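For reference, my_file.tsv (TSV, C-alpha atoms):
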chain	number	residue	atom	x	y	z
V	2	MET	CA	-6.64	-24.08	57.96
V	3	PRO	CA	-5.58	-20.99	59.92
V	4	PHE	CA	-4.47	-18.31	57.46
V	5	THR	CA	-1.61	-16.26	58.90
V	6	THR	CA	-1.98	-13.65	56.17
V	7	LEU	CA	-5.14	-12.12	54.74
V	8	ALA	CA	-5.30	-9.89	51.70
V	9	GLY	CA	-7.77	-7.67	49.90
V	10	ILE	CA	-6.96	-6.80	46.31
V	11	ASP	CA	-8.21	-3.79	44.36
V	12	PHE	CA	-7.39	-4.83	40.79
V	13	THR	CA	-6.99	-2.89	37.57
V	14	SER	CA	-6.68	-4.27	34.05
V	15	ARG	CA	-4.02	-1.64	33.23
V	16	PRO	CA	-1.74	-1.08	36.22
V	17	THR	CA	0.30	2.13	36.22
V	18	ARG	CA	2.09	4.28	38.75
V	19	ARG	CA	-1.00	6.48	38.96
V	20	LYS	CA	-3.37	3.51	39.32
V	21	PRO	CA	-1.54	0.43	40.62
V	22	ILE	CA	-2.94	-2.89	41.77
V	23	THR	CA	-3.46	-2.23	45.49
V	24	VAL	CA	-3.11	-5.05	48.01
V	25	ALA	CA	-4.23	-4.60	51.63
V	26	ILE	CA	-2.35	-7.07	53.85
V	27	GLY	CA	-3.66	-7.91	57.30
V	28	GLN	CA	-4.15	-10.51	60.02
V	29	SER	CA	-7.08	-11.71	62.09
V	30	GLU	CA	-7.07	-10.19	65.55
V	31	GLY	CA	-9.74	-11.28	67.99
V	32	ALA	CA	-13.14	-10.27	66.63
V	33	GLY	CA	-11.57	-8.20	63.90
V	34	VAL	CA	-8.90	-7.81	61.28
V	35	ARG	CA	-5.89	-5.51	61.56
V	36	LEU	CA	-4.51	-3.75	58.50
V	37	ALA	CA	-0.74	-4.31	58.44
V	38	ARG	CA	0.17	-2.47	55.26
V	39	LEU	CA	-0.84	-1.51	51.73
V	40	ASP	CA	1.29	-2.78	48.84
V	41	ARG	CA	1.13	-1.25	45.38
V	42	HIS	CA	2.05	-3.21	42.26
V	43	LEU	CA	2.79	-1.13	39.18
V	44	SER	CA	2.91	-4.11	36.82
V	45	PHE	CA	1.39	-7.53	36.33
V	46	GLU	CA	4.86	-9.01	36.79
V	47	SER	CA	5.16	-7.58	40.29
V	48	PHE	CA	1.65	-8.74	41.19
V	49	ALA	CA	2.29	-12.22	39.77
V	50	ALA	CA	5.38	-12.50	41.97
V	51	TRP	CA	3.28	-11.61	45.01
V	52	LEU	CA	0.75	-14.31	44.11
V	53	ARG	CA	3.54	-16.86	44.46
V	54	THR	CA	4.27	-15.78	48.04
V	55	PRO	CA	4.23	-18.98	50.15
V	56	GLY	CA	1.10	-19.50	52.25
V	57	PRO	CA	-0.93	-19.93	54.18
V	58	TRP	CA	-2.76	-16.88	52.89
V	59	LEU	CA	-6.28	-16.09	51.72
V	60	GLY	CA	-7.03	-13.23	49.35
V	61	ALA	CA	-10.28	-11.58	48.26
V	62	PHE	CA	-9.91	-10.19	44.74
V	63	ASP	CA	-12.05	-7.43	43.24
V	64	PHE	CA	-12.52	-8.84	39.76
V	65	PRO	CA	-14.83	-11.52	38.35
V	66	PHE	CA	-13.67	-15.14	38.21
V	67	GLY	CA	-16.32	-16.33	35.74
V	68	LEU	CA	-18.68	-15.45	32.90
V	69	PRO	CA	-22.49	-15.82	32.80
V	70	ARG	CA	-23.56	-19.31	31.75
V	71	GLU	CA	-26.22	-17.83	29.47
V	72	LEU	CA	-23.54	-15.87	27.59
V	73	VAL	CA	-21.20	-18.85	27.30
V	74	GLU	CA	-23.91	-21.18	26.02
V	75	THR	CA	-25.29	-18.64	23.55
V	76	LEU	CA	-21.81	-18.06	22.09
V	77	GLY	CA	-20.99	-21.77	22.00
V	78	TRP	CA	-17.87	-21.28	24.11
V	79	PRO	CA	-16.33	-24.07	26.27
V	80	ARG	CA	-18.57	-25.05	29.19
V	81	GLU	CA	-15.80	-26.22	31.52
V	82	TRP	CA	-14.24	-23.44	33.57
V	83	LEU	CA	-10.53	-23.96	32.88
V	84	ALA	CA	-11.09	-24.54	29.17
V	85	LEU	CA	-13.31	-21.46	29.05
V	86	MET	CA	-10.72	-19.30	30.80
V	87	GLU	CA	-7.95	-20.51	28.50
V	88	PHE	CA	-10.12	-19.74	25.46
V	89	TYR	CA	-11.10	-16.34	26.85
V	90	ALA	CA	-7.47	-15.46	27.56
V	91	SER	CA	-6.63	-16.23	23.91
V	92	LEU	CA	-8.95	-13.47	22.69
V	93	SER	CA	-7.87	-9.87	22.30
V	94	ARG	CA	-9.72	-7.09	24.09
V	95	GLU	CA	-10.99	-5.92	20.71
V	96	GLN	CA	-12.44	-9.39	20.01
V	97	ILE	CA	-14.07	-9.48	23.44
V	98	ARG	CA	-15.63	-6.05	22.98
V	99	ALA	CA	-16.93	-6.84	19.51
V	100	THR	CA	-18.35	-10.22	20.56
V	101	PHE	CA	-20.06	-8.89	23.67
V	102	ALA	CA	-21.38	-5.81	21.85
V	103	ALA	CA	-22.93	-8.04	19.17
V	104	PHE	CA	-24.49	-10.19	21.90
V	105	CYS	CA	-26.03	-7.13	23.55
V	106	ASP	CA	-27.19	-5.61	20.25
V	107	ALA	CA	-29.24	-8.74	19.54
V	108	ARG	CA	-31.13	-8.46	22.84
V	109	PRO	CA	-34.06	-6.22	23.85
V	110	ALA	CA	-33.68	-3.00	25.79
V	111	GLY	CA	-33.52	-3.63	29.52
V	112	GLY	CA	-31.97	-7.05	29.08
V	113	LYS	CA	-28.84	-6.36	27.06
V	114	PHE	CA	-26.39	-8.07	29.40
V	115	ALA	CA	-26.35	-11.65	30.64
V	116	HIS	CA	-25.87	-11.98	34.41
V	117	ARG	CA	-24.36	-14.49	36.78
V	118	ALA	CA	-26.42	-15.85	39.66
V	119	CYS	CA	-24.32	-13.81	42.12
V	120	ASP	CA	-24.94	-10.45	40.44
V	121	LEU	CA	-28.33	-9.77	42.02
V	122	PRO	CA	-27.47	-10.62	45.66
V	123	ALA	CA	-24.10	-8.83	45.35
V	124	GLY	CA	-25.41	-5.85	43.38
V	125	SER	CA	-22.43	-6.25	41.05
V	126	SER	CA	-21.96	-5.34	37.40
V	127	PRO	CA	-22.27	-8.20	34.91
V	128	SER	CA	-18.88	-9.80	34.32
V	129	MET	CA	-19.30	-9.33	30.55
V	130	LYS	CA	-19.36	-5.53	30.90
V	131	TRP	CA	-16.46	-3.96	29.01
V	132	VAL	CA	-16.85	-0.33	30.13
V	133	ASN	CA	-17.77	1.59	33.30
V	134	PRO	CA	-16.40	-0.55	34.87
V	135	PRO	CA	-14.46	-2.74	32.39
V	136	VAL	CA	-14.81	-5.92	34.46
V	137	ALA	CA	-14.66	-8.13	31.36
V	138	TYR	CA	-11.10	-6.88	30.80
V	139	MET	CA	-10.28	-7.30	34.48
V	140	LEU	CA	-11.32	-10.95	34.26
V	141	HIS	CA	-9.29	-11.29	31.06
V	142	ALA	CA	-6.18	-9.91	32.77
V	143	GLY	CA	-6.60	-11.30	36.28
V	144	VAL	CA	-7.75	-14.91	36.07
V	145	PRO	CA	-4.79	-16.09	33.93
V	146	LEU	CA	-2.46	-14.71	36.62
V	147	LEU	CA	-4.25	-16.76	39.28
V	148	ILE	CA	-4.11	-19.91	37.16
V	149	ALA	CA	-0.42	-19.43	36.35
V	150	ALA	CA	0.38	-18.87	40.04
V	151	GLY	CA	-1.26	-22.18	40.95
V	152	VAL	CA	-3.54	-20.77	43.63
V	153	GLN	CA	-6.71	-22.49	44.81
V	154	LEU	CA	-10.02	-21.09	43.53
V	155	PRO	CA	-12.70	-22.80	45.64
V	156	ALA	CA	-15.57	-24.30	43.62
V	157	LEU	CA	-13.77	-23.45	40.37
V	158	HIS	CA	-10.19	-24.72	40.16
V	159	GLU	CA	-7.88	-26.87	42.24
V	160	GLY	CA	-4.54	-25.42	43.26
V	161	ASP	CA	-2.31	-24.88	46.27
V	162	PRO	CA	-4.66	-25.12	49.31
V	163	THR	CA	-2.35	-22.84	51.31
V	164	ARG	CA	-2.90	-19.99	48.82
V	165	VAL	CA	-6.62	-19.36	48.38
V	166	ALA	CA	-8.23	-16.80	46.07
V	167	LEU	CA	-11.86	-15.74	46.39
V	168	GLU	CA	-13.82	-13.29	44.26
V	169	ALA	CA	-14.88	-10.21	46.22
V	170	TYR	CA	-16.81	-7.02	45.59
V	171	PRO	CA	-16.14	-4.01	47.84
V	172	GLY	CA	-19.32	-2.28	46.71
V	173	LEU	CA	-21.36	-4.98	48.47
V	174	LEU	CA	-19.93	-4.02	51.86
V	175	ALA	CA	-19.82	-0.28	51.17
V	176	ARG	CA	-23.48	-0.20	50.18
V	177	GLU	CA	-24.45	-2.01	53.40
V	178	LEU	CA	-22.75	0.72	55.44
V	179	ILE	CA	-23.37	4.00	53.59
V	180	GLY	CA	-26.10	3.12	51.11
V	181	ALA	CA	-25.86	4.55	47.61
V	182	ARG	CA	-23.56	7.44	48.59
V	183	SER	CA	-20.54	7.77	46.32
V	184	TYR	CA	-17.20	7.71	48.14
V	185	LYS	CA	-14.64	7.72	45.32
V	186	SER	CA	-13.74	8.95	41.85
V	187	ASP	CA	-10.68	8.79	39.61
V	188	ALA	CA	-11.68	12.15	38.11
V	189	VAL	CA	-10.10	15.01	40.06
V	190	ALA	CA	-13.09	17.27	39.41
V	191	LYS	CA	-15.37	14.76	41.13
V	192	GLN	CA	-13.20	14.30	44.23
V	193	THR	CA	-15.56	16.36	46.33
V	194	ALA	CA	-15.96	17.11	50.03
V	195	GLU	CA	-19.11	15.00	50.02
V	196	ARG	CA	-17.13	11.96	48.87
V	197	LEU	CA	-14.49	12.63	51.53
V	198	ILE	CA	-17.18	12.65	54.19
V	199	ALA	CA	-18.59	9.41	52.79
V	200	ARG	CA	-15.15	7.77	53.01
V	201	LYS	CA	-14.77	8.90	56.61
V	202	ASP	CA	-18.23	7.55	57.47
V	203	LEU	CA	-17.43	4.26	55.76
V	204	ILE	CA	-14.14	3.89	57.64
V	205	GLU	CA	-15.84	4.68	60.95
V	206	ALA	CA	-18.52	2.05	60.29
V	207	LEU	CA	-15.88	-0.55	59.44
V	208	GLU	CA	-13.97	0.21	62.63
V	209	GLN	CA	-17.15	-0.11	64.68
V	210	GLY	CA	-18.00	-3.44	63.05
V	211	ARG	CA	-21.43	-2.34	61.86
V	212	THR	CA	-21.53	-4.85	59.00
V	213	GLY	CA	-23.38	-8.15	58.97
V	214	LEU	CA	-19.98	-9.83	58.78
V	215	GLY	CA	-19.50	-9.05	62.46
V	216	LEU	CA	-15.86	-7.97	62.21
V	217	ARG	CA	-14.13	-4.78	63.31
V	218	LEU	CA	-11.43	-3.21	61.17
V	219	ARG	CA	-8.42	-2.19	63.24
V	220	LEU	CA	-6.38	0.76	61.97
V	221	SER	CA	-3.69	3.11	63.20
V	222	HIS	CA	-4.39	6.84	63.15
V	223	ALA	CA	-2.05	7.25	60.18
V	224	GLN	CA	-3.78	4.46	58.25
V	225	ARG	CA	-7.19	5.96	58.92
V	226	ASP	CA	-6.07	9.35	57.64
V	227	ALA	CA	-4.44	7.83	54.55
V	228	LEU	CA	-7.55	5.84	53.62
V	229	ALA	CA	-9.71	8.93	53.92
V	230	ALA	CA	-7.25	10.99	51.88
V	231	ASP	CA	-7.19	8.57	48.92
V	232	ALA	CA	-9.90	10.17	46.79
V	233	SER	CA	-9.69	7.41	44.16
V	234	GLY	CA	-10.96	4.95	46.78
V	235	ASP	CA	-8.56	2.25	45.59
V	236	GLU	CA	-6.97	1.81	49.02
V	237	LEU	CA	-10.33	1.74	50.76
V	238	ASP	CA	-11.65	-0.79	48.23
V	239	ALA	CA	-8.67	-3.04	48.96
V	240	VAL	CA	-9.42	-2.75	52.69
V	241	LEU	CA	-13.10	-3.58	52.12
V	242	CYS	CA	-11.94	-6.72	50.30
V	243	LEU	CA	-9.62	-7.47	53.24
V	244	VAL	CA	-12.60	-7.46	55.60
V	245	GLN	CA	-14.43	-9.86	53.26
V	246	ALA	CA	-11.34	-12.09	53.24
V	247	ALA	CA	-11.22	-12.07	57.04
V	248	TRP	CA	-14.86	-13.12	57.22
V	249	ALA	CA	-14.38	-15.91	54.67
V	250	ALA	CA	-11.33	-17.25	56.52
V	251	ARG	CA	-13.51	-17.86	59.61
V	252	GLU	CA	-16.42	-19.49	57.80
V	253	PRO	CA	-16.84	-23.18	56.88
V	254	GLY	CA	-16.21	-23.52	53.16
V	255	TYR	CA	-15.23	-19.83	53.11
V	256	GLY	CA	-18.90	-18.92	53.53
V	257	LEU	CA	-19.69	-19.92	49.95
V	258	PRO	CA	-23.13	-21.38	49.12
V	259	ALA	CA	-23.33	-25.16	48.93
V	260	GLN	CA	-24.46	-24.98	45.30
V	261	ILE	CA	-22.44	-22.74	42.99
V	262	ASP	CA	-22.48	-22.81	39.20
V	263	PRO	CA	-18.95	-24.16	38.46
V	264	LEU	CA	-18.77	-21.99	35.35
V	265	GLU	CA	-19.82	-18.70	36.95
V	266	GLY	CA	-18.26	-18.76	40.42
V	267	TRP	CA	-19.49	-16.67	43.35
V	268	ILE	CA	-18.78	-13.39	45.17
V	269	VAL	CA	-17.80	-13.99	48.78
V	270	SER	CA	-20.37	-12.89	51.41
V	271	ALA	CA	-23.07	-12.31	48.75
V	272	GLY	CA	-25.57	-14.69	50.36
V	273	THR	CA	-27.12	-17.62	48.54
V	274	PRO	CA	-28.17	-18.01	44.91
V	275	ALA	CA	-31.81	-17.58	44.00
V	276	PRO	CA	-33.53	-20.34	42.00
V	277	ARG	CA	-33.00	-19.90	38.26
The structure in this file should be written as structure tokens.
Amino acid sequence: MPFTTLAGIDFTSRPTRRKPITVAIGQSEGAGVRLARLDRHLSFESFAAWLRTPGPWLGAFDFPFGLPRELVETLGWPREWLALMEFYASLSREQIRATFAAFCDARPAGGKFAHRACDLPAGSSPSMKWVNPPVAYMLHAGVPLLIAAGVQLPALHEGDPTRVALEAYPGLLARELIGARSYKSDAVAKQTAERLIARKDLIEALEQGRTGLGLRLRLSHAQRDALAADASGDELDAVLCLVQAAWAAREPGYGLPAQIDPLEGWIVSAGTPAPR
């Protein structure tokens, strides 16, 4: 299906005016993707309304869509994805933190967290992590919105095939282009000249199409300046997800591996799972 609209979503589990949910909207254009605009949602209600926008659209979302199977089985939680997500949504953040902390406390140093199969190839944080970054809370807040909106989550949940949601991770693409250099911080004291230079280098690499995804990012001069100026990196992260969405939209089966754990899900463009 040709997707007329592509989106990259930088998500937060507590949207505010200072740190909104940022959505990069764009369209495929030749061998690249053009950024049309950046939308900012200050509340879950606003974001939920956007999710119901008629398709065809494909979005790449920067939050986990699943939990590690090892964690789920150890805790005795439901082993079917929708039932698991409904159970997880019923828990409070305090219950999640306490449960996951107890799980980690019972494990040896160096192996505290359980991981999904996609964590290693993507270089992502475990989806059960509740701090720095609090992706467990992002899952808790974000997945119920996707389910309620009736979107399609390939390999996980059937929904409207004209509105497709994929899990993304901007750090995967950023690391390919600028290595381990830090390009963002929410802390004003850490918004340094070095991070500004890293953002500019990252933007230049995206525009030149130097990623393995083989796509060029197309920006106006004003957009380029605005992305570099956003020291939090939220806008740039949304754009990184947009590029991942554009790649997935061109690939058979959205570029997902043939075999994906239907409980854990997969991060788009993260390669193939290793034997477990």
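Proximity ranking of V:Asp231, V:Glu46, V:Glu236, V:Ala8 relative to Gln28 of chain V places V:Ala8 first, based on only C-alpha atoms.
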Phe48 of chain V environment, 12 Å, only C-alpha atoms, sequence neighbours closer than 2 positions dropped, as an MDAnalysis selection string: chainID V and resid 10:14 16 21:24 40:46 50:54 142:143 146:147 149:150
Set out as CSV a contact list for segment 44-83 of chain V and segment 267-273 of chain V with a cut-off of 10 Å, giving each residue of segment 44-83 of chain V that qualifies its closest atom pair and distance in Å to one decimal, counting only C-alpha atoms, ordered by chain and rising residue number.
residue,atom,partner,partner_atom,distance
V:Ala61,CA,V:Val269,CA,7.9
V:Phe62,CA,V:Ile268,CA,9.4
V:Asp63,CA,V:Ile268,CA,9.2
V:Phe64,CA,V:Ile268,CA,9.4
V:Pro65,CA,V:Ile268,CA,8.1
V:Phe66,CA,V:Trp267,CA,7.9
V:Gly67,CA,V:Trp267,CA,8.3
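Across the structure, atom CA of Leu174 of chain V and atom CA of Gln260 of chain V are spaced 22.4 Å apart.
Taking atom CA of Leu203 of chain V and atom CA of Asp120 of chain V as the two end points, the separation is 22.5 Å.
Here the question is which of V:Ile204, V:Arg19, V:Val73, V:Ala118 gets nearest to Ala230 of chain V using all atoms listed in the file, and that residue is V:Ile204.
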Two-atom distance - atom CA of Ile261 of chain V, atom CA of Pro171 of chain V (Å):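 Atom CA of Pro171 of chain V lies at a distance of 20.3 Å from atom CA of Ile261 of chain V.
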If you take every atom of segment 207-223 of chain V that the file lists and fit an axis-aligned box around them with 6 Å extra on each side, what centre and edge lengths come out in Å to one decimal, as JSON?
{"center_x": -12.7, "center_y": -1.3, "center_z": 61.7, "size_x": 33.3, "size_y": 29.1, "size_z": 17.9}
Nearest candidate to Arg164 of chain V (options V:Arg15, V:Glu205, V:Leu36, V:Gly60; using all atoms listed in the file): V:Gly60
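Non-sequential neighbours of Arg117 of chain V (distance at most 10 Å, separation of 4 or more positions within a chain, only C-alpha atoms) are V:Gly67, V:Leu68, V:Pro69, V:Arg70, V:Glu71, V:Leu72, V:Leu121, V:Ser125, V:Ser126, V:Pro127, V:Ser128, V:Met129, V:Asp262, V:Leu264, V:Glu265, V:Gly266, V:Trp267, V:Pro274.
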Just write the chosen residues, C-alpha atoms, as a CSV table (one decimal), keeping the file's coordinate frame.
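Listed below is the output, part_20.csv:
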chain,number,residue,atom,x,y,z
V,67,GLY,CA,-16.3,-16.3,35.7
V,68,LEU,CA,-18.7,-15.4,32.9
V,69,PRO,CA,-22.5,-15.8,32.8
V,70,ARG,CA,-23.6,-19.3,31.8
V,71,GLU,CA,-26.2,-17.8,29.5
V,72,LEU,CA,-23.5,-15.9,27.6
V,121,LEU,CA,-28.3,-9.8,42.0
V,125,SER,CA,-22.4,-6.2,41.0
V,126,SER,CA,-22.0,-5.3,37.4
V,127,PRO,CA,-22.3,-8.2,34.9
V,128,SER,CA,-18.9,-9.8,34.3
V,129,MET,CA,-19.3,-9.3,30.6
V,262,ASP,CA,-22.5,-22.8,39.2
V,264,LEU,CA,-18.8,-22.0,35.4
V,265,GLU,CA,-19.8,-18.7,37.0
V,266,GLY,CA,-18.3,-18.8,40.4
V,267,TRP,CA,-19.5,-16.7,43.4
V,274,PRO,CA,-28.2,-18.0,44.9
